[in-house]
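Everything on this sheet refers to the single structure shown next.
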Amino acid sequence: MQPIADRSALVAADRSRIAQIGLEALVSLAGGALAQVARAMLGGTAGRRITVVVGPGLNGADGKAAARVLARRGAVVTVVELGTTTELAPTELVIDAAVGTGISRAVRLPRLNGAPLVLAADLPSGVDPATGATLGDPYRCEATVTFGAHKLGLLQGEGKALAGEVVLAGLGLEVAASVAQLLEVADLDALDVEADPGRHKWTHAIAVVAGSDPMAGSAALVAAGALRAGAGMVQVLGPSTIELAPEAVCQPRAVFGWTGQLAGVLDRCGALVVGPGLGRTPEVTTEVAQLLGATSQPLVLDADGLTGLGAAEGLARLLERRGDPSQVVLTPHDGEYRQLMGHAPGPDRLAAARALHEATGATVLLKGPTTVVVGAGEAYVVEGPASLATAGTGDVLAGVLGATLARRGRRSVPRAVGLGALLHAEAARAGLRCGLVASDLPLLIAHLRSARMDHGR
């Protein structure tokens, strides 16, 4: 995990580091980090043409320090002060060191001449460090060297698209407070460290209520995702038309009385997944509400199970019956979030997820290119590939979350959910970049889990 910090925490870390080593030394470290990445981007520096756009603040000082390093290594370096020209001369690489996290108004950068590579210092100038929204017309960068800690603005909104590859240069800064943790593939090594050698198929069992005759595939995708993510047993209440993996157990779901159908199974299951493909009939809404009040296991409330219950205020009242609403995981995409909260999430997805958590008490997983998980005192961010934007991948995710909750051991619910989202995202990243379909994901998940288990030995 890597901390994600806001501007106030980064300013405090800067001040502390300056007190330790001095401003000149800190600027030198930042310039050196920029120069190192610039050299890698160009494949060398001797005779290469580099333009550094600098502003009046610390970001500009970092850019000037990088310019000095690159010039010593044989590059032909031109330093351009922000506001002195409207267009840059032809060059091979532009280092954007105009404005950093202190942005307060639109930035007017000089136009690029041709198509040079662009490297940003800390973040592309004009990108809001908190939301990723833009002020002005930032450059689209091949890479960004960000200092001290990750910024939310590089992980969401336009900032994510503009930043390119993000390289973290710690510079020895100690960030005392973070707004969230960025989960990375190495964090998956923790998924099986608490595996019980005496486990059996019911040790990590889950129950699933999903699918309807028009959408029977939803239940199948949930079950497959759960099994490949480590559920030992998957009991499904689904439509009569469903075709499941032979390892899953399916019971045709009655129109009414789901809780009664699950009565003999629920107390043996470590988690419950409700909602994918159920449809939005009044009967579904009634049954889901009853099931919420009759169960105590961690519960993933997804898709139709989530949106059929109305706005967040009404959902909160239902969740109060359980005593601990944080054991319920809400998994909205942007449209479902709007139904719950009455407005779209907006550019700051962490703030949006926190608002839904505060309104309901539930653990919230807000889906998107950047997925955010928020629970009591915890927040995690997962970057997913664009290939996940296809039908059914959310159903697989629901199954994965059910499995990781059933296997969570001593982990908190938000941490288990974050790891489940990470497993889902990294499995997709290992699959086809174009043409990935939801049914590809379960086997990719199993391969990834196996690879991380081997890595941890």
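Every chain in the structure tokens takes a letter, A first, then B, and so on in the order presented; its residues are numbered from 1, and the ligands are numbered from 1 following the presented order.
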
Inset, instruction - Once DSSP has gone over the backbone, tell me which residues of stretch 137-278 of chain A are in strand (DSSP E or B), as a ChimeraX atom specification. - result: /A:143-147,150,165-169,180-182,205-209,233-238,249-252,271-274

Can you write just those residues out, N, CA and C atoms, as a short mmCIF file (atom, residue, chain, number, x, y, z; two decimals), in the first residue's frame?
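Written out: out.cif:
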data_model
loop_
_atom_site.label_atom_id
_atom_site.label_comp_id
_atom_site.auth_asym_id
_atom_site.auth_seq_id
_atom_site.Cartn_x
_atom_site.Cartn_y
_atom_site.Cartn_z
N ALA A 143 4.62 10.84 -18.70
CA ALA A 143 4.96 10.42 -17.34
C ALA A 143 4.88 11.63 -16.41
N THR A 144 4.68 11.34 -15.13
CA THR A 144 4.68 12.35 -14.08
C THR A 144 5.51 11.82 -12.92
N VAL A 145 6.47 12.61 -12.46
CA VAL A 145 7.20 12.28 -11.24
C VAL A 145 6.52 13.04 -10.11
N THR A 146 5.85 12.32 -9.24
CA THR A 146 5.14 12.97 -8.14
C THR A 146 5.94 12.83 -6.86
N PHE A 147 5.94 13.84 -6.04
CA PHE A 147 6.86 13.94 -4.91
C PHE A 147 6.16 13.65 -3.58
N HIS A 150 1.43 9.87 -3.21
CA HIS A 150 0.46 9.95 -4.31
C HIS A 150 -0.59 11.01 -4.02
N GLU A 165 2.25 7.66 -17.04
CA GLU A 165 2.80 6.79 -15.99
C GLU A 165 3.23 7.65 -14.80
N VAL A 166 2.77 7.28 -13.62
CA VAL A 166 3.11 8.04 -12.41
C VAL A 166 4.26 7.34 -11.69
N VAL A 167 5.34 8.11 -11.49
CA VAL A 167 6.52 7.61 -10.77
C VAL A 167 6.59 8.36 -9.45
N LEU A 168 6.62 7.62 -8.35
CA LEU A 168 6.67 8.25 -7.02
C LEU A 168 8.12 8.44 -6.59
N ALA A 169 8.48 9.68 -6.29
CA ALA A 169 9.80 9.99 -5.72
C ALA A 169 9.58 10.46 -4.28
N ALA A 180 -6.17 8.29 2.08
CA ALA A 180 -6.52 6.94 1.63
C ALA A 180 -5.22 6.19 1.36
N GLN A 181 -5.36 4.90 1.08
CA GLN A 181 -4.23 4.06 0.73
C GLN A 181 -4.42 3.54 -0.69
N LEU A 182 -3.38 3.64 -1.51
CA LEU A 182 -3.42 3.09 -2.86
C LEU A 182 -2.97 1.64 -2.79
N ALA A 205 -17.64 -20.63 2.87
CA ALA A 205 -18.83 -20.74 2.02
C ALA A 205 -19.53 -19.38 1.92
N ILE A 206 -20.20 -19.16 0.79
CA ILE A 206 -21.04 -17.97 0.65
C ILE A 206 -22.38 -18.36 0.05
N ALA A 207 -23.38 -17.52 0.30
CA ALA A 207 -24.69 -17.67 -0.32
C ALA A 207 -24.90 -16.52 -1.29
N VAL A 208 -25.59 -16.81 -2.39
CA VAL A 208 -25.82 -15.82 -3.45
C VAL A 208 -27.31 -15.80 -3.80
N VAL A 209 -27.88 -14.62 -3.82
CA VAL A 209 -29.24 -14.43 -4.33
C VAL A 209 -29.11 -13.52 -5.54
N MET A 233 -17.56 -23.08 -1.01
CA MET A 233 -18.90 -23.53 -1.37
C MET A 233 -19.71 -22.30 -1.76
N VAL A 234 -20.46 -22.41 -2.85
CA VAL A 234 -21.34 -21.33 -3.27
C VAL A 234 -22.75 -21.88 -3.41
N GLN A 235 -23.66 -21.38 -2.58
CA GLN A 235 -25.06 -21.76 -2.61
C GLN A 235 -25.84 -20.63 -3.28
N VAL A 236 -26.51 -20.93 -4.36
CA VAL A 236 -27.18 -19.91 -5.16
C VAL A 236 -28.69 -20.10 -5.11
N LEU A 237 -29.40 -19.01 -4.79
CA LEU A 237 -30.83 -18.94 -5.04
C LEU A 237 -31.00 -18.19 -6.34
N GLY A 238 -31.38 -18.89 -7.41
CA GLY A 238 -31.42 -18.27 -8.72
C GLY A 238 -32.64 -18.70 -9.51
N VAL A 249 -23.98 -24.90 -6.03
CA VAL A 249 -25.25 -25.54 -5.73
C VAL A 249 -26.37 -24.52 -5.94
N CYS A 250 -27.33 -24.87 -6.77
CA CYS A 250 -28.40 -23.92 -7.08
C CYS A 250 -29.75 -24.45 -6.61
N GLN A 251 -30.50 -23.56 -5.99
CA GLN A 251 -31.87 -23.85 -5.59
C GLN A 251 -32.78 -22.85 -6.30
N PRO A 252 -33.77 -23.30 -7.05
CA PRO A 252 -34.67 -22.35 -7.71
C PRO A 252 -35.31 -21.42 -6.68
N ALA A 271 -20.45 -15.18 4.16
CA ALA A 271 -20.85 -13.94 3.52
C ALA A 271 -22.03 -14.22 2.60
N LEU A 272 -22.71 -13.14 2.22
CA LEU A 272 -23.90 -13.23 1.38
C LEU A 272 -23.80 -12.17 0.30
N VAL A 273 -24.14 -12.55 -0.95
CA VAL A 273 -24.17 -11.61 -2.07
C VAL A 273 -25.60 -11.54 -2.58
N VAL A 274 -26.15 -10.33 -2.66
CA VAL A 274 -27.54 -10.15 -3.05
C VAL A 274 -27.64 -9.07 -4.12
#

Inset, instruction - May I have the residues within 7 Å of stretch 98-104 of chain A as an MDAnalysis selection string, using only C-alpha atoms and disregarding those fewer than 2 positions away in the same chain? - result: chainID A and resid 7 53:55 59:60 82 96 122:123 125:126 128:129

Inset, instruction - Work out how far apart atom CA of A:Gly305 and atom CA of A:Val417 are and give it in Å to one decimal. - result: 17.9 Å

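The space separating atom CA of A:Leu397 from atom CA of A:Leu318 comes to 24.0 Å.
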
Inset, instruction - Find the residues near A:Gly132: any atom within 10 Å, counting only C-alpha atoms, skip ones fewer than 2 places away on the same chain, and give them as JSON, numbers by chain. - result: {"A": [123, 124, 126, 127, 128, 129, 130, 134, 135, 151, 152, 153, 154, 155, 156, 157, 158, 159, 160, 161, 162, 163, 347, 348]}

Written selection (N, CA and C atoms) as a PDB file, in the first residue's frame:
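Written out: part_9.pdb:
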ATOM      1  N   LEU A 123       2.741  17.060 -10.708  1.00  0.00           N
ATOM      2  CA  LEU A 123       1.506  16.757 -11.415  1.00  0.00           C
ATOM      3  C   LEU A 123       1.419  17.711 -12.600  1.00  0.00           C
ATOM      4  N   PRO A 124       0.687  17.344 -13.653  1.00  0.00           N
ATOM      5  CA  PRO A 124       0.584  18.250 -14.793  1.00  0.00           C
ATOM      6  C   PRO A 124       0.040  19.604 -14.361  1.00  0.00           C
ATOM      7  N   GLY A 126      -2.036  22.680 -13.905  1.00  0.00           N
ATOM      8  CA  GLY A 126      -3.439  22.904 -14.208  1.00  0.00           C
ATOM      9  C   GLY A 126      -4.342  21.803 -13.706  1.00  0.00           C
ATOM     10  N   VAL A 127      -3.787  20.732 -13.135  1.00  0.00           N
ATOM     11  CA  VAL A 127      -4.587  19.640 -12.579  1.00  0.00           C
ATOM     12  C   VAL A 127      -4.778  19.874 -11.086  1.00  0.00           C
ATOM     13  N   ASP A 128      -6.031  19.823 -10.642  1.00  0.00           N
ATOM     14  CA  ASP A 128      -6.324  19.956  -9.223  1.00  0.00           C
ATOM     15  C   ASP A 128      -5.800  18.721  -8.494  1.00  0.00           C
ATOM     16  N   PRO A 129      -4.942  18.890  -7.480  1.00  0.00           N
ATOM     17  CA  PRO A 129      -4.341  17.719  -6.826  1.00  0.00           C
ATOM     18  C   PRO A 129      -5.332  16.866  -6.062  1.00  0.00           C
ATOM     19  N   ALA A 130      -6.512  17.410  -5.738  1.00  0.00           N
ATOM     20  CA  ALA A 130      -7.494  16.652  -4.961  1.00  0.00           C
ATOM     21  C   ALA A 130      -8.503  15.927  -5.831  1.00  0.00           C
ATOM     22  N   THR A 134      -9.440  20.019 -14.148  1.00  0.00           N
ATOM     23  CA  THR A 134      -8.416  20.863 -14.753  1.00  0.00           C
ATOM     24  C   THR A 134      -8.802  22.331 -14.726  1.00  0.00           C
ATOM     25  N   LEU A 135      -7.786  23.157 -14.552  1.00  0.00           N
ATOM     26  CA  LEU A 135      -7.902  24.610 -14.658  1.00  0.00           C
ATOM     27  C   LEU A 135      -6.938  25.041 -15.760  1.00  0.00           C
ATOM     28  N   LYS A 151      -1.134  11.596  -5.085  1.00  0.00           N
ATOM     29  CA  LYS A 151      -2.209  12.569  -4.983  1.00  0.00           C
ATOM     30  C   LYS A 151      -3.460  12.007  -5.647  1.00  0.00           C
ATOM     31  N   LEU A 152      -4.609  12.269  -5.043  1.00  0.00           N
ATOM     32  CA  LEU A 152      -5.861  11.794  -5.630  1.00  0.00           C
ATOM     33  C   LEU A 152      -6.070  12.326  -7.037  1.00  0.00           C
ATOM     34  N   GLY A 153      -5.598  13.551  -7.293  1.00  0.00           N
ATOM     35  CA  GLY A 153      -5.788  14.162  -8.601  1.00  0.00           C
ATOM     36  C   GLY A 153      -5.083  13.441  -9.735  1.00  0.00           C
ATOM     37  N   LEU A 154      -4.120  12.573  -9.399  1.00  0.00           N
ATOM     38  CA  LEU A 154      -3.450  11.770 -10.419  1.00  0.00           C
ATOM     39  C   LEU A 154      -4.117  10.408 -10.596  1.00  0.00           C
ATOM     40  N   LEU A 155      -5.113  10.132  -9.765  1.00  0.00           N
ATOM     41  CA  LEU A 155      -5.749   8.817  -9.771  1.00  0.00           C
ATOM     42  C   LEU A 155      -7.201   8.859 -10.226  1.00  0.00           C
ATOM     43  N   GLN A 156      -7.717  10.052 -10.472  1.00  0.00           N
ATOM     44  CA  GLN A 156      -9.119  10.158 -10.861  1.00  0.00           C
ATOM     45  C   GLN A 156      -9.317  11.365 -11.774  1.00  0.00           C
ATOM     46  N   GLY A 157     -10.469  11.402 -12.431  1.00  0.00           N
ATOM     47  CA  GLY A 157     -10.813  12.528 -13.284  1.00  0.00           C
ATOM     48  C   GLY A 157      -9.872  12.685 -14.455  1.00  0.00           C
ATOM     49  N   GLU A 158      -9.797  13.920 -14.966  1.00  0.00           N
ATOM     50  CA  GLU A 158      -8.930  14.200 -16.104  1.00  0.00           C
ATOM     51  C   GLU A 158      -7.460  14.033 -15.739  1.00  0.00           C
ATOM     52  N   GLY A 159      -7.128  14.272 -14.485  1.00  0.00           N
ATOM     53  CA  GLY A 159      -5.740  14.145 -14.060  1.00  0.00           C
ATOM     54  C   GLY A 159      -5.172  12.766 -14.312  1.00  0.00           C
ATOM     55  N   LYS A 160      -5.984  11.730 -14.127  1.00  0.00           N
ATOM     56  CA  LYS A 160      -5.533  10.361 -14.361  1.00  0.00           C
ATOM     57  C   LYS A 160      -5.136  10.159 -15.820  1.00  0.00           C
ATOM     58  N   ALA A 161      -5.938  10.710 -16.725  1.00  0.00           N
ATOM     59  CA  ALA A 161      -5.654  10.564 -18.156  1.00  0.00           C
ATOM     60  C   ALA A 161      -4.473  11.413 -18.589  1.00  0.00           C
ATOM     61  N   LEU A 162      -4.288  12.566 -17.962  1.00  0.00           N
ATOM     62  CA  LEU A 162      -3.231  13.494 -18.371  1.00  0.00           C
ATOM     63  C   LEU A 162      -1.867  13.129 -17.812  1.00  0.00           C
ATOM     64  N   ALA A 163      -1.821  12.421 -16.700  1.00  0.00           N
ATOM     65  CA  ALA A 163      -0.553  12.203 -15.995  1.00  0.00           C
ATOM     66  C   ALA A 163       0.355  11.193 -16.674  1.00  0.00           C
ATOM     67  N   PRO A 347     -16.419  15.036  -9.281  1.00  0.00           N
ATOM     68  CA  PRO A 347     -15.029  14.700  -9.607  1.00  0.00           C
ATOM     69  C   PRO A 347     -14.238  14.058  -8.467  1.00  0.00           C
ATOM     70  N   ASP A 348     -14.596  14.355  -7.214  1.00  0.00           N
ATOM     71  CA  ASP A 348     -13.861  13.795  -6.082  1.00  0.00           C
ATOM     72  C   ASP A 348     -14.568  12.528  -5.623  1.00  0.00           C
TER      73      ASP A 348
END

Legend entry - Gap from atom CA of A:Glu313 to atom CA of A:Met341 - Å, one decimal: 8.6 Å
